[in-house]
Amino acid sequence: MPNQVDMTVNLAGMVMKNPVCVASGTYGFGREYGQFYDLSEIGGICAKGLTLHRREGNPAPRIAETPMGILNSVGLQNPGVDAFIEHELPYLRQFDVKVIANISGNTPEEYGIMCEKLAEAGVDMIEVNISCPNVKAGGLAYGTRPELAAEVTREAKAHAGPVPVMVKLSPNVTDITDIAKAVADAGADALSLINTLRGMRIDVNTNRPVLKMNTGGLSGPAVLPVAVRMVWEVAQAVNLPILGMGGVSKGEDAAQLMLAGATAVAVGTAMFADPFAPIAVRDGLADIAQRKGLTAVAQLTGAVQPW
Ligand SMILES: Cc1cc2nc3c(=O)[nH]c(=O)nc-3n(C[C@H](O)[C@H](O)[C@H](O)COP(=O)(O)O)c2cc1C
C-alpha cells in the first residue's frame with residue numbers, strides 16, 4: 001500500500017518536503033553524496049561549517065572510532081564563505097532541497113558579516129554554530145554562556161534580513177535550557193541541537209591521546225539518548241521550532257527526537273557507514289507515522305507522553 005502520510009514540515013517558515021536533513025560537517029557540500037542519489041530526496045542540507053576566511057582545519061589524526069560513535073577534531077576545515085557562495089551554492093541550487101548554511105565566527109562581527117553575505121546569496125536558512133571559541137572572550141565557547149550566545153544571535157539576526165536564523169546549541173553545558181532561553185530572547189527563529197559532546201581517547205601503548213588535538217567531539221549512536229533528553233528539555237523551555245540531531249541512524253531514532261519536540265531531524269555520523277541513511281530514516285519515519293495512523297508526520301512533534 002503506498003504511503004499516505006503527509007511528510008512536509010514547516011521549520012520557522014521554511015517548508016521542507018520531508019523532515020530529514022543532513023547534519024553540518026558530515027555531508028560536505030553534497031557533491032560526494034550526489035554521486036549516490038538525487039539530493040532532492042533530502043528535506044534540507046546543513047552545509048559544512050563556514051568561516052569568514054578559508055581554514056585548513058586541525059592536524060591529523062582528527063577522527064577516532066569509539067564504541068557506538070566517533071570522536072572528531074576536524075576544526076572547521078572549509079573554503080570560506082565567499083567560495084561557498086561562488087562555487088558550492090550554485091551546485092546545491094540544482095536540487096529541490098532547502099539549503100541551510102552553517103557558520104562559525106571568531107567574533108560576533110564575523111557572524112554578522114557572514115549572515116549579510118549569505119542572506120544576499122539567498123540561502124534558505126542560516127544555522128549559527130555557537131560551539132566555537134570567542135577570540136575576544138579569551139577562547140570561551142559562545143555556546144557555554146547565555147550572554148555570549150545571545151550576543152551572537154542578535155548580531156546574526158541584525159544582518160540576516162528575511163532569512164531565518166537557527167542557533168545550534170552545544171550539549172557541553174550544565175543546563176542547556178539556560179542557553180536556549182537566552183538565544184530565544186535574543187530573537188532566534190529556530191534552534192538546532194545537539195552538537196558533539198567533548199570526549200577523549202588514549203592509546204595505551206604510547207600513552208598518547210589518539211587525536212592530535214587531544215580531545216574531540218563525540219557523535220553517533222552513543223549520543224542519541226542525550227540528544228532526545230536535551231530536545232525534550234529545550235522544547236518545554238522555549239517556544240521555538242527545533243531541528244533535532246545526534247545519533248540518528250534509523251526512522252525510530254528520528255521519531256524519538258520528534259516525539260520529544262523536534263519539528264525536523266538531521267542525520268550525521270550514520271552517513272559515514274551508509275550514505276543512504278537519510279533516505280532510510282525518511283522512509284522509516286513515514287512507516288512509523290503510518291503505523292500510528294497519523295495523516296501527517298508533523299503530528300509526531302511533541303507527542304511524547306511523559307510519566
Ligand atoms: C566530522 C564532523 C564534522 C562536523 N562539523 C560541524 C560543523 O562544521 N558545524 C556544526 O555546527 N556541526 C558540526 N558537526 C556536528 C554535527 O553536525 C552534529 O551536530 C553531530 O555530529 C551530532 O549528530 P550525529 O551524531 O548524527 O553525527 C560535525 C560532526 C562531525 C562528526
# chains A, B, ... in the order shown; residues from 1 in each chain; ligands from 1
$ closest_atom_pairs --of "region 36-114 of chain A" --to "region 271-286 of chain A" --cutoff "12 Å" --atoms "only C-alpha atoms" --output "tab-separated table"
residue	atom	partner	partner_atom	distance
A:Phe36	CA	A:Pro275	CA	7.6
A:Tyr37	CA	A:Phe276	CA	8.0
A:Asp38	CA	A:Ile279	CA	10.5
A:Leu39	CA	A:Ile279	CA	10.0
A:Ser40	CA	A:Ile279	CA	10.6
A:Glu41	CA	A:Ile279	CA	7.0
A:Ile42	CA	A:Pro278	CA	7.0
A:Gly43	CA	A:Arg282	CA	9.0
A:Gly44	CA	A:Pro278	CA	10.4
A:Ile45	CA	A:Pro278	CA	10.6
A:Ile63	CA	A:Phe272	CA	11.7
A:Glu65	CA	A:Phe272	CA	11.5
A:Met68	CA	A:Ala273	CA	11.9
A:Gly69	CA	A:Phe272	CA	10.6
A:Ile70	CA	A:Phe272	CA	10.1
$ write_last_selection --atoms "N, CA and C atoms" --output "mmCIF file, in the first residue's frame"
data_model
loop_
_atom_site.group_PDB
_atom_site.id
_atom_site.type_symbol
_atom_site.label_atom_id
_atom_site.label_comp_id
_atom_site.auth_asym_id
_atom_site.auth_seq_id
_atom_site.Cartn_x
_atom_site.Cartn_y
_atom_site.Cartn_z
ATOM 1 N N PHE A 36 25.653 9.276 -5.349
ATOM 2 C CA PHE A 36 24.879 8.094 -4.948
ATOM 3 C C PHE A 36 23.391 8.237 -5.231
ATOM 4 N N TYR A 37 22.855 9.432 -5.029
ATOM 5 C CA TYR A 37 21.410 9.626 -5.217
ATOM 6 C C TYR A 37 21.109 11.096 -5.477
ATOM 7 N N ASP A 38 19.879 11.341 -5.918
ATOM 8 C CA ASP A 38 19.418 12.699 -6.201
ATOM 9 C C ASP A 38 19.244 13.440 -4.870
ATOM 10 N N LEU A 39 19.944 14.544 -4.705
ATOM 11 C CA LEU A 39 19.896 15.268 -3.422
ATOM 12 C C LEU A 39 18.495 15.816 -3.126
ATOM 13 N N SER A 40 17.621 15.826 -4.136
ATOM 14 C CA SER A 40 16.242 16.290 -3.915
ATOM 15 C C SER A 40 15.439 15.332 -3.026
ATOM 16 N N GLU A 41 16.006 14.153 -2.750
ATOM 17 C CA GLU A 41 15.340 13.210 -1.835
ATOM 18 C C GLU A 41 15.341 13.726 -0.393
ATOM 19 N N ILE A 42 16.324 14.597 -0.095
ATOM 20 C CA ILE A 42 16.537 15.057 1.279
ATOM 21 C C ILE A 42 15.649 16.286 1.533
ATOM 22 N N GLY A 43 15.246 16.482 2.789
ATOM 23 C CA GLY A 43 14.467 17.677 3.115
ATOM 24 C C GLY A 43 15.324 18.934 3.104
ATOM 25 N N GLY A 44 16.480 18.881 3.770
ATOM 26 C CA GLY A 44 17.355 20.052 3.845
ATOM 27 C C GLY A 44 18.798 19.643 4.053
ATOM 28 N N ILE A 45 19.697 20.441 3.505
ATOM 29 C CA ILE A 45 21.124 20.162 3.651
ATOM 30 C C ILE A 45 21.758 21.249 4.509
ATOM 31 N N ILE A 63 40.094 12.082 13.402
ATOM 32 C CA ILE A 63 38.899 11.241 13.579
ATOM 33 C C ILE A 63 39.339 9.979 14.316
ATOM 34 N N GLU A 65 37.643 6.250 16.095
ATOM 35 C CA GLU A 65 36.429 5.471 16.376
ATOM 36 C C GLU A 65 36.276 5.255 17.878
ATOM 37 N N MET A 68 30.192 2.719 19.509
ATOM 38 C CA MET A 68 28.929 3.390 19.147
ATOM 39 C C MET A 68 29.089 4.839 18.698
ATOM 40 N N GLY A 69 30.245 5.206 18.146
ATOM 41 C CA GLY A 69 30.352 6.573 17.642
ATOM 42 C C GLY A 69 31.752 6.912 17.194
ATOM 43 N N ILE A 70 31.972 8.192 16.946
ATOM 44 C CA ILE A 70 33.318 8.657 16.603
ATOM 45 C C ILE A 70 33.633 9.935 17.378
#
$ residues_near_ligand --ligand "ligand 1" --cutoff "6 Å" --atoms "only C-alpha atoms and all ligand atoms" --output "MDAnalysis selection string"
chainID A and resid 23:26 48:49 72 76 129 194:196 219:220 245:248 267:269
$ write_last_selection --atoms "N, CA, C and O atoms" --output "mmCIF file, in the first residue's frame"
data_model
loop_
_atom_site.group_PDB
_atom_site.id
_atom_site.type_symbol
_atom_site.label_atom_id
_atom_site.label_comp_id
_atom_site.auth_asym_id
_atom_site.auth_seq_id
_atom_site.Cartn_x
_atom_site.Cartn_y
_atom_site.Cartn_z
ATOM 1 N N ALA A 23 23.326 16.628 8.670
ATOM 2 C CA ALA A 23 23.949 17.498 9.675
ATOM 3 C C ALA A 23 25.226 18.140 9.146
ATOM 4 O O ALA A 23 25.995 17.522 8.399
ATOM 5 N N SER A 24 25.446 19.355 9.581
ATOM 6 C CA SER A 24 26.610 20.124 9.133
ATOM 7 C C SER A 24 27.917 19.396 9.427
ATOM 8 O O SER A 24 28.130 18.856 10.511
ATOM 9 N N GLY A 25 28.805 19.402 8.440
ATOM 10 C CA GLY A 25 30.138 18.830 8.612
ATOM 11 C C GLY A 25 30.221 17.358 8.277
ATOM 12 O O GLY A 25 31.317 16.796 8.232
ATOM 13 N N THR A 26 29.069 16.744 8.034
ATOM 14 C CA THR A 26 29.066 15.304 7.738
ATOM 15 C C THR A 26 28.650 15.034 6.295
ATOM 16 O O THR A 26 28.572 13.878 5.875
ATOM 17 N N LYS A 48 28.505 22.189 5.239
ATOM 18 C CA LYS A 48 29.683 22.157 6.090
ATOM 19 C C LYS A 48 29.908 23.542 6.717
ATOM 20 O O LYS A 48 29.691 24.561 6.063
ATOM 21 N N GLY A 49 30.359 23.560 7.938
ATOM 22 C CA GLY A 49 30.541 24.817 8.652
ATOM 23 C C GLY A 49 31.468 25.777 7.926
ATOM 24 O O GLY A 49 32.556 25.395 7.500
ATOM 25 N N ASN A 72 35.703 13.519 16.716
ATOM 26 C CA ASN A 72 36.361 14.269 15.652
ATOM 27 C C ASN A 72 36.905 15.584 16.183
ATOM 28 O O ASN A 72 36.353 16.189 17.093
ATOM 29 N N LEU A 76 36.769 22.694 11.623
ATOM 30 C CA LEU A 76 36.151 23.627 10.668
ATOM 31 C C LEU A 76 36.980 23.871 9.413
ATOM 32 O O LEU A 76 37.124 25.003 8.961
ATOM 33 N N ASN A 129 26.486 28.261 14.416
ATOM 34 C CA ASN A 129 27.188 27.331 15.306
ATOM 35 C C ASN A 129 27.861 28.133 16.418
ATOM 36 O O ASN A 129 28.768 28.919 16.156
ATOM 37 N N ILE A 194 21.670 18.293 18.992
ATOM 38 C CA ILE A 194 22.834 18.758 19.718
ATOM 39 C C ILE A 194 24.082 18.734 18.834
ATOM 40 O O ILE A 194 24.165 17.939 17.888
ATOM 41 N N ASN A 195 25.031 19.588 19.168
ATOM 42 C CA ASN A 195 26.357 19.488 18.586
ATOM 43 C C ASN A 195 27.081 18.339 19.321
ATOM 44 O O ASN A 195 26.483 17.657 20.160
ATOM 45 N N THR A 196 28.339 18.142 19.041
ATOM 46 C CA THR A 196 29.047 16.984 19.615
ATOM 47 C C THR A 196 29.394 17.204 21.097
ATOM 48 O O THR A 196 29.532 18.338 21.560
ATOM 49 N N SER A 219 30.132 11.896 18.497
ATOM 50 C CA SER A 219 28.863 11.855 17.771
ATOM 51 C C SER A 219 28.548 10.401 17.445
ATOM 52 O O SER A 219 29.358 9.523 17.703
ATOM 53 N N GLY A 220 27.376 10.164 16.867
ATOM 54 C CA GLY A 220 26.987 8.800 16.518
ATOM 55 C C GLY A 220 25.988 8.232 17.518
ATOM 56 O O GLY A 220 25.552 8.937 18.446
ATOM 57 N N MET A 245 19.076 16.552 16.379
ATOM 58 C CA MET A 245 20.103 15.666 15.812
ATOM 59 C C MET A 245 20.985 15.118 16.913
ATOM 60 O O MET A 245 20.998 15.627 18.043
ATOM 61 N N GLY A 246 21.712 14.075 16.545
ATOM 62 C CA GLY A 246 22.597 13.403 17.493
ATOM 63 C C GLY A 246 22.302 11.918 17.480
ATOM 64 O O GLY A 246 21.343 11.465 18.102
ATOM 65 N N GLY A 247 23.089 11.163 16.713
ATOM 66 C CA GLY A 247 22.979 9.708 16.724
ATOM 67 C C GLY A 247 21.841 9.106 15.935
ATOM 68 O O GLY A 247 21.532 7.923 16.116
ATOM 69 N N VAL A 248 21.228 9.875 15.053
ATOM 70 C CA VAL A 248 20.110 9.313 14.281
ATOM 71 C C VAL A 248 20.637 8.425 13.155
ATOM 72 O O VAL A 248 21.445 8.874 12.344
ATOM 73 N N VAL A 267 20.533 13.869 10.112
ATOM 74 C CA VAL A 267 21.365 12.661 10.176
ATOM 75 C C VAL A 267 22.808 13.080 9.911
ATOM 76 O O VAL A 267 23.064 13.850 8.982
ATOM 77 N N GLY A 268 23.741 12.605 10.740
ATOM 78 C CA GLY A 268 25.142 12.984 10.574
ATOM 79 C C GLY A 268 26.048 11.785 10.410
ATOM 80 O O GLY A 268 26.139 11.178 9.337
ATOM 81 N N THR A 269 26.682 11.396 11.526
ATOM 82 C CA THR A 269 27.695 10.345 11.525
ATOM 83 C C THR A 269 27.230 9.051 10.853
ATOM 84 O O THR A 269 28.039 8.343 10.236
#
$ select_by_dssp --residues "region 135-267 of chain A" --states "strand (DSSP E)" --output "PyMOL selection string"
chain A and resi 140-141+165-168+190-193+197-200+202-203+208-209+215-219+242-245+264-267
$ atom_distance --atom1 "CA of Glu116 (chain A)" --atom2 "CA of Leu148 (chain A)"
20.0 Å
$ closest_residue --among "A:Glu120, A:Asp6, A:Glu127, A:Asp82" --to "Ile100 (chain A)" --atoms "only C-alpha atoms"
A:Glu127
$ closest_residue --among "A:Met125, A:Val304, A:Met200, A:Ala264" --to "Gly216 (chain A)" --atoms "only C-alpha atoms"
A:Met200
$ select_by_dssp --residues "region 4-240 of chain A" --states "helix (DSSP H, G or I)" --output "MDAnalysis selection string"
chainID A and resid 33:35 39:41 81:92 108:121 142:144 146:159 176:185 221:237
$ atom_distance --atom1 "CA of Glu56 (chain A)" --atom2 "CA of Gln77 (chain A)"
4.8 Å
$ atom_distance --atom1 "CA of Tyr142 (chain A)" --atom2 "CA of Ser249 (chain A)"
28.7 Å
$ closest_residue --among "A:Val74, A:Ile179, A:Leu240, A:Val5" --to "Arg291 (chain A)" --atoms "only C-alpha atoms"
A:Val5
$ closest_residue --among "A:Ser104, A:Gly122, A:Met258, A:Gly75" --to "Leu89 (chain A)" --atoms "only C-alpha atoms"
A:Gly122
